[in-house]
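Quick notes on the structure that follows.
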Amino acid sequence: MKNNLKELRARFKMTQDDLAGKVEVSRQTIIAIENERYDPSLPLAFKLAKVFRLKIEEIFSLE
């Protein structure tokens, strides 16, 4: 699953640690999602969307 998490973090001036803390996962989980090695659960995707005030489909796509 494609995502633009890395770009969003940069735009919001957030580290991987910052984002991980906000959505209550490890930094390694954020790294894996950004590198498209891990697809987040639906609850985690909702948490990520809430942090950036976006819809899930504005962060993730099935390209």
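Identifiers in this document derive from the order of the structure tokens: chains are assigned A, B, ..., residues are numbered from 1 separately in each chain, and ligands are numbered from 1 in order of occurrence.
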Shell of 6 Å around Arg27 of chain A, only C-alpha atoms, local chain residues under 2 positions omitted, as a PDB file with N, CA, C and O atoms, in the first residue's frame:
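After the write, part_1.pdb holds the following:
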```
ATOM      1  N   GLN A  16       9.852  10.733  13.426  1.00  0.00           N
ATOM      2  CA  GLN A  16       9.198   9.423  13.511  1.00  0.00           C
ATOM      3  C   GLN A  16       8.806   9.133  14.955  1.00  0.00           C
ATOM      4  O   GLN A  16       7.731   8.594  15.210  1.00  0.00           O
ATOM      5  N   ASP A  17       9.659   9.515  15.892  1.00  0.00           N
ATOM      6  CA  ASP A  17       9.347   9.344  17.319  1.00  0.00           C
ATOM      7  C   ASP A  17       8.122  10.144  17.735  1.00  0.00           C
ATOM      8  O   ASP A  17       7.274   9.648  18.476  1.00  0.00           O
ATOM      9  N   ALA A  20       5.067   8.419  16.284  1.00  0.00           N
ATOM     10  CA  ALA A  20       4.848   7.151  16.985  1.00  0.00           C
ATOM     11  C   ALA A  20       4.189   7.392  18.344  1.00  0.00           C
ATOM     12  O   ALA A  20       3.256   6.674  18.725  1.00  0.00           O
ATOM     13  N   THR A  29       7.512   0.791  13.871  1.00  0.00           N
ATOM     14  CA  THR A  29       6.260   0.627  13.137  1.00  0.00           C
ATOM     15  C   THR A  29       6.089   1.747  12.129  1.00  0.00           C
ATOM     16  O   THR A  29       5.719   1.507  10.974  1.00  0.00           O
ATOM     17  N   ILE A  30       6.383   2.979  12.537  1.00  0.00           N
ATOM     18  CA  ILE A  30       6.291   4.123  11.623  1.00  0.00           C
ATOM     19  C   ILE A  30       7.270   3.940  10.465  1.00  0.00           C
ATOM     20  O   ILE A  30       6.918   4.165   9.296  1.00  0.00           O
TER      21      ILE A  30
END
```
- Message: Excluding Arg37 of chain A and its own-chain neighbours fewer than 3 positions away, which residues fall within 12 Å of it when counting only C-alpha atoms? Please give them as number ranges by chain.
- Response: A: 1-3, 28-34, 40
- Message: Residues of chain A classed as strand (DSSP E or B) by DSSP on the backbone are to be reported as a PyMOL selection string.
- Response: chain A and resi 2-3+60-61
